[in-house]
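Trainee: Take a look at model.pdb, PDB, C-alpha atoms:
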ATOM      1  CA  MET A 263       0.000   0.000   0.000
ATOM      2  CA  LYS A 264       2.846   2.397   0.795
ATOM      3  CA  LYS A 265       4.400   1.781  -2.626
ATOM      4  CA  ALA A 266       1.107   2.636  -4.344
ATOM      5  CA  ALA A 267       0.773   5.876  -2.358
ATOM      6  CA  VAL A 268       4.356   6.896  -3.182
ATOM      7  CA  PHE A 269       3.809   6.050  -6.853
ATOM      8  CA  ILE A 270       0.606   8.125  -7.002
ATOM      9  CA  ALA A 271       2.314  11.046  -5.256
ATOM     10  CA  LEU A 272       5.178  10.866  -7.750
ATOM     11  CA  LEU A 273       2.745  10.870 -10.692
ATOM     12  CA  VAL A 274       0.936  13.920  -9.289
ATOM     13  CA  CYS A 275       4.248  15.787  -8.881
ATOM     14  CA  ILE A 276       5.305  14.956 -12.445
ATOM     15  CA  PHE A 277       1.904  16.062 -13.788
ATOM     16  CA  ILE A 278       2.116  19.402 -11.951
ATOM     17  CA  TYR A 279       5.713  19.967 -13.131
ATOM     18  CA  VAL A 280       4.846  19.228 -16.765
ATOM     19  CA  GLN A 281       1.863  21.590 -16.638
ATOM     20  CA  GLN A 282       3.975  24.406 -15.192
ATOM     21  CA  THR A 283       6.985  23.958 -17.461
ATOM     22  CA  THR A 284       6.771  26.548 -20.212
ATOM     23  CA  THR A 285       9.014  27.070 -23.150
ATOM     24  CA  PHE A 286       9.310  30.412 -24.824
ATOM     25  CA  SER A 287       7.645  29.047 -27.956
ATOM     26  CA  SER A 288       4.408  28.344 -26.040
ATOM     27  CA  PHE A 289       3.516  32.060 -25.870
ATOM     28  CA  TYR A 290       0.667  32.987 -28.185
ATOM     29  CA  LEU A 291       2.132  36.496 -28.454
ATOM     30  CA  LEU A 292       4.920  35.008 -30.583
ATOM     31  CA  GLU A 293       2.664  35.450 -33.566
ATOM     32  CA  GLY A 294       3.242  39.158 -33.047
ATOM     33  CA  GLY A 295       0.724  41.735 -34.106
ATOM     34  CA  THR A 296      -1.395  44.373 -32.446
ATOM     35  CA  TRP A 297      -3.977  43.955 -29.705
ATOM     36  CA  GLN A 298      -6.391  46.713 -28.663
ATOM     37  CA  MET A 299      -8.999  47.532 -26.047
ATOM     38  CA  LYS A 300     -11.650  50.188 -26.648
ATOM     39  CA  THR A 301     -12.158  52.712 -23.835
ATOM     40  CA  ARG A 302     -14.352  55.809 -23.424
ATOM     41  CA  LYS A 303     -11.421  57.976 -24.515
ATOM     42  CA  GLY A 304     -10.061  55.866 -27.371
ATOM     43  CA  TYR A 305      -7.943  52.700 -27.416
ATOM     44  CA  ILE A 306      -5.274  51.061 -25.271
ATOM     45  CA  CYS A 307      -2.998  48.946 -27.469
ATOM     46  CA  GLU A 308      -0.085  46.531 -27.379
ATOM     47  CA  ARG A 309       2.034  45.737 -30.427
ATOM     48  CA  TRP A 310       4.337  42.689 -30.320
ATOM     49  CA  LYS A 311       7.183  41.685 -32.609
ATOM     50  CA  LYS A 312       9.366  38.581 -32.567
ATOM     51  CA  ILE A 313      13.066  39.513 -32.411
ATOM     52  CA  SER A 314      14.626  36.068 -32.046
ATOM     53  CA  LYS A 315      13.733  32.570 -30.848
ATOM     54  CA  ASN A 316      14.233  33.837 -27.263
ATOM     55  CA  GLU A 317      12.973  37.421 -27.409
ATOM     56  CA  MET A 318       9.829  39.402 -28.178
ATOM     57  CA  GLN A 319       9.518  43.161 -27.997
ATOM     58  CA  GLY A 320       6.305  44.984 -27.281
ATOM     59  CA  GLN A 321       5.051  48.526 -27.122
ATOM     60  CA  GLY A 322       2.141  49.767 -25.073
ATOM     61  CA  PHE A 323       0.385  52.871 -26.342
ATOM     62  CA  ARG A 324      -2.878  54.823 -26.242
ATOM     63  CA  ILE A 325      -4.785  56.239 -29.179
ATOM     64  CA  THR A 326      -7.035  59.208 -28.484
ATOM     65  CA  GLY A 327      -8.551  60.747 -31.609
ATOM     66  CA  THR A 328      -5.587  61.266 -33.927
ATOM     67  CA  ASP A 329      -3.015  61.314 -31.108
ATOM     68  CA  THR A 330      -0.855  58.293 -30.241
ATOM     69  CA  LEU A 331       0.960  58.290 -26.894
ATOM     70  CA  MET A 332       3.668  55.681 -26.244
ATOM     71  CA  GLU A 333       3.464  54.490 -22.634
ATOM     72  CA  GLU A 334       5.876  51.571 -22.313
ATOM     73  CA  LYS A 335       8.330  49.282 -24.008
ATOM     74  CA  VAL A 336       8.406  45.612 -23.038
ATOM     75  CA  GLN A 337      10.831  42.754 -23.526
ATOM     76  CA  LEU A 338       9.696  39.165 -23.190
ATOM     77  CA  ILE A 339      12.849  37.095 -22.969
ATOM     78  CA  GLN A 340      14.045  33.649 -22.085
ATOM     79  CA  GLN A 341      17.287  33.544 -20.099
ATOM     80  CA  ASP A 342      18.575  30.112 -19.186
ATOM     81  CA  ASP A 343      15.546  28.217 -17.853
ATOM     82  CA  SER A 344      13.474  31.286 -16.936
ATOM     83  CA  ILE A 345      11.192  33.641 -18.848
ATOM     84  CA  TYR A 346      10.926  37.334 -17.965
ATOM     85  CA  TYR A 347       8.484  40.117 -18.764
ATOM     86  CA  ILE A 348      10.509  43.353 -18.584
ATOM     87  CA  PRO A 349       8.620  46.639 -19.032
ATOM     88  CA  THR A 350      10.118  50.112 -19.126
ATOM     89  CA  VAL A 351       7.231  52.480 -18.375
ATOM     90  CA  ASN A 352       7.387  56.175 -19.233
ATOM     91  CA  ASN A 353       7.691  58.413 -16.147
ATOM     92  CA  GLN A 354       8.078  55.484 -13.735
ATOM     93  CA  ASN A 355      10.996  53.810 -11.937
ATOM     94  CA  ASP A 356      13.382  56.585 -13.043
ATOM     95  CA  GLY A 357      13.138  55.262 -16.609
ATOM     96  CA  LYS A 358      14.570  51.880 -15.578
ATOM     97  CA  ALA A 359      13.228  48.481 -16.621
ATOM     98  CA  VAL A 360      11.608  46.214 -14.026
ATOM     99  CA  SER A 361      11.764  42.411 -14.351
ATOM    100  CA  PHE A 362       8.834  40.094 -13.656
ATOM    101  CA  LYS A 363       9.623  36.372 -13.662
ATOM    102  CA  LEU A 364       7.207  33.807 -15.077
ATOM    103  CA  VAL A 365       5.992  31.845 -12.046
ATOM    104  CA  SER A 366       3.006  29.988 -13.490
ATOM    105  CA  SER A 367       1.738  28.965 -16.911
ATOM    106  CA  ILE A 368      -1.338  26.783 -16.673
ATOM    107  CA  ASN A 369      -4.312  26.668 -19.070
ATOM    108  CA  ASN A 370      -3.041  29.525 -21.281
ATOM    109  CA  GLU A 371      -2.641  31.831 -18.269
ATOM    110  CA  PHE A 372       0.847  33.284 -17.812
ATOM    111  CA  ILE A 373       1.636  34.885 -14.436
ATOM    112  CA  PHE A 374       4.734  37.045 -14.059
ATOM    113  CA  SER A 375       5.704  38.141 -10.564
ATOM    114  CA  ASN A 376       7.975  40.628  -8.827
ATOM    115  CA  PRO A 377       6.918  40.781  -5.155
ATOM    116  CA  THR A 378       9.460  43.534  -4.368
ATOM    117  CA  HIS A 379       8.056  46.015  -6.907
ATOM    118  CA  ASP A 380       5.824  48.812  -5.555
ATOM    119  CA  PHE A 381       2.980  48.302  -8.058
ATOM    120  CA  PRO A 382       2.123  46.079  -9.742
ATOM    121  CA  GLN A 383       3.576  42.946  -8.205
ATOM    122  CA  ARG A 384       2.020  40.702 -10.858
ATOM    123  CA  VAL A 385       1.401  40.921 -14.617
ATOM    124  CA  VAL A 386      -0.968  38.294 -16.014
ATOM    125  CA  TYR A 387      -1.967  37.344 -19.559
ATOM    126  CA  LYS A 388      -4.839  34.889 -20.108
ATOM    127  CA  LEU A 389      -5.572  33.734 -23.650
ATOM    128  CA  VAL A 390      -9.379  33.631 -23.875
ATOM    129  CA  SER A 391      -9.511  32.718 -27.574
ATOM    130  CA  GLN A 392      -7.200  33.006 -30.571
ATOM    131  CA  ASP A 393      -8.172  36.688 -30.941
ATOM    132  CA  SER A 394      -8.980  37.645 -27.344
ATOM    133  CA  VAL A 395      -6.742  38.199 -24.315
ATOM    134  CA  HIS A 396      -7.632  39.176 -20.760
ATOM    135  CA  ALA A 397      -4.582  40.814 -19.221
ATOM    136  CA  TRP A 398      -4.312  42.418 -15.807
ATOM    137  CA  ILE A 399      -1.906  43.885 -13.339
ATOM    138  CA  ASP A 400      -2.414  43.572  -9.627
ATOM    139  CA  GLY A 401      -0.768  44.036  -6.289
ATOM    140  CA  GLN A 402      -0.889  45.799  -2.961
ATOM    141  CA  ILE A 403      -1.019  49.586  -2.599
ATOM    142  CA  ASN A 404      -1.061  50.752   1.025
ATOM    143  CA  GLY A 405      -2.174  47.294   2.143
ATOM    144  CA  LYS A 406      -5.094  47.159  -0.280
ATOM    145  CA  LEU A 407      -5.304  44.802  -3.273
ATOM    146  CA  VAL A 408      -5.626  46.752  -6.530
ATOM    147  CA  LYS A 409      -6.311  45.211  -9.931
ATOM    148  CA  GLN A 410      -6.474  46.784 -13.386
ATOM    149  CA  ASP A 411      -8.044  44.726 -16.185
ATOM    150  CA  PHE A 412      -7.333  44.933 -19.907
ATOM    151  CA  TYR A 413      -9.545  43.079 -22.391
ATOM    152  CA  TYR A 414      -7.706  43.007 -25.704
ATOM    153  CA  LYS A 415      -8.884  41.921 -29.130
ATOM    154  CA  ARG A 416      -6.457  41.136 -31.939
ATOM    155  CA  VAL A 417      -6.388  43.782 -34.683
ATOM    156  CA  LYS A 418      -6.576  42.110 -38.085
TER     157      LYS A 418
END
Using structure tokens, write down the structure that the file contains.
Mentor:
Amino acid sequence: MKKAAVFIALLVCIFIYVQQTTTFSSFYLLEGGTWQMKTRKGYICERWKKISKNEMQGQGFRITGTDTLMEEKVQLIQQDDSIYYIPTVNNQNDGKAVSFKLVSSINNEFIFSNPTHDFPQRVVYKLVSQDSVHAWIDGQINGKLVKQDFYYKRVK
């Protein structure tokens, strides 16, 4: 009986490890392209481009009327056995990039975390369908959980 319990526990551990192991090529963003979310004031957009087999670059921007305002540049890179989401946001962090490490990738949901960052501490992308992504940032501000949602559609 003990051998069966150990065997089952080992199978569960292997199953969890395989589900959480992500290669860079498993990101749906690797197709590149532009994603947008309509707001009352215009659009919030992300544009992604594949640079190499281990790097994507993205830009976050807003479109209001005929004006386009760049807000951030993002690198999505694989270094060794880890994947990082690295944004550089205009007028934040003294213009320096902040790294968020991929900590979970289950069921097309990719969670990047940096618990030492002021806000956000997490960046999450959830593929809803081939042309729809629910992204959000969340974390603590003054002891209160804050979450900002982004519902993107692929621009064709």
Trainee: Tell me, in Å to one decimal, how far atom CA of His396 of chain A is from atom CA of Glu371 of chain A.
Mentor: 9.2 Å
Trainee: If you count all atoms listed in the file, which residues fall within 9 Å of Ile306 of chain A, apart from same-chain ones fewer than 2 positions away, as number ranges by chain?
Mentor: A: 297-301, 304, 308, 322-326, 412, 414
Trainee: Could you tell me which residues the PyMOL selection byres ((chain A and resi 295) around 12) returns for this structure, as a ChimeraX atom specification?
Mentor: /A:290-294,296-298,307-312,318-321,393,414-418
Trainee: Have a look at atom CA of Asp411 of chain A and atom CA of Ser367 of chain A and let me know their distance in Å, one decimal.
Mentor: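 Interatomic distance here is 18.6 Å.
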Trainee: Determine the nearest neighbour of Val385 of chain A from the options A:Gln410, A:Asn353, A:Ser314, A:Thr328, counting only C-alpha atoms.
Mentor: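 Among A:Gln410, A:Asn353, A:Ser314, A:Thr328, it is A:Gln410 that comes nearest to Val385 of chain A.
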Trainee: Report as a PyMOL selection string all protein, DNA and RNA residues lying within 9 Å of Lys363 of chain A, evaluated on only C-alpha atoms, omitting residues in the same chain fewer than 6 positions from it.
Mentor: chain A and resi 344-348+373-376
Trainee: Pick the closest to Ile339 of chain A from A:Asn352, A:Asn370, A:Ser361, A:Ser394: which is it, counting all atoms listed in the file?
Mentor: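 The answer is A:Ser361, which sits nearest to Ile339 of chain A.
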Trainee: I need the residue set behind the PyMOL selection byres ((chain A and resi 409) around 7) for this file; please write it as a PDB file with C-alpha atoms, in the coordinates of the input.
Mentor:
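Contents of the output file out-v9.pdb:
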ATOM      1  CA  TRP A 398      -4.312  42.418 -15.807  1.00  0.00           C
ATOM      2  CA  ILE A 399      -1.906  43.885 -13.339  1.00  0.00           C
ATOM      3  CA  ASP A 400      -2.414  43.572  -9.627  1.00  0.00           C
ATOM      4  CA  GLY A 401      -0.768  44.036  -6.289  1.00  0.00           C
ATOM      5  CA  LEU A 407      -5.304  44.802  -3.273  1.00  0.00           C
ATOM      6  CA  VAL A 408      -5.626  46.752  -6.530  1.00  0.00           C
ATOM      7  CA  GLN A 410      -6.474  46.784 -13.386  1.00  0.00           C
ATOM      8  CA  ASP A 411      -8.044  44.726 -16.185  1.00  0.00           C
TER       9      ASP A 411
END
Trainee: Between A:Val386, A:Val336, A:Ile403, A:Leu331, which has the minimum distance to Val360 of chain A (counting only C-alpha atoms)?
Mentor: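 The shortest atom-to-atom distance to Val360 of chain A comes from A:Val336.
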Trainee: Figure out the distance between atom CA of His379 of chain A and atom CA of Ala397 of chain A, please, to one decimal in Å.
Mentor: 18.4 Å
Trainee: Nearest residue to Val390 of chain A out of A:Asn369, A:Gln354, A:Gln337, A:Glu317, using all atoms listed in the file?
Mentor: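 Smallest separation from Val390 of chain A among the options: A:Asn369.
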Trainee: Identify which of the residues A:Gln392, A:Asn316, A:Val351, A:Tyr413 lies closest to Glu333 of chain A, counting only C-alpha atoms when measuring atom-to-atom distances.
Mentor: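 So, comparing all the options, the nearest one is A:Val351.
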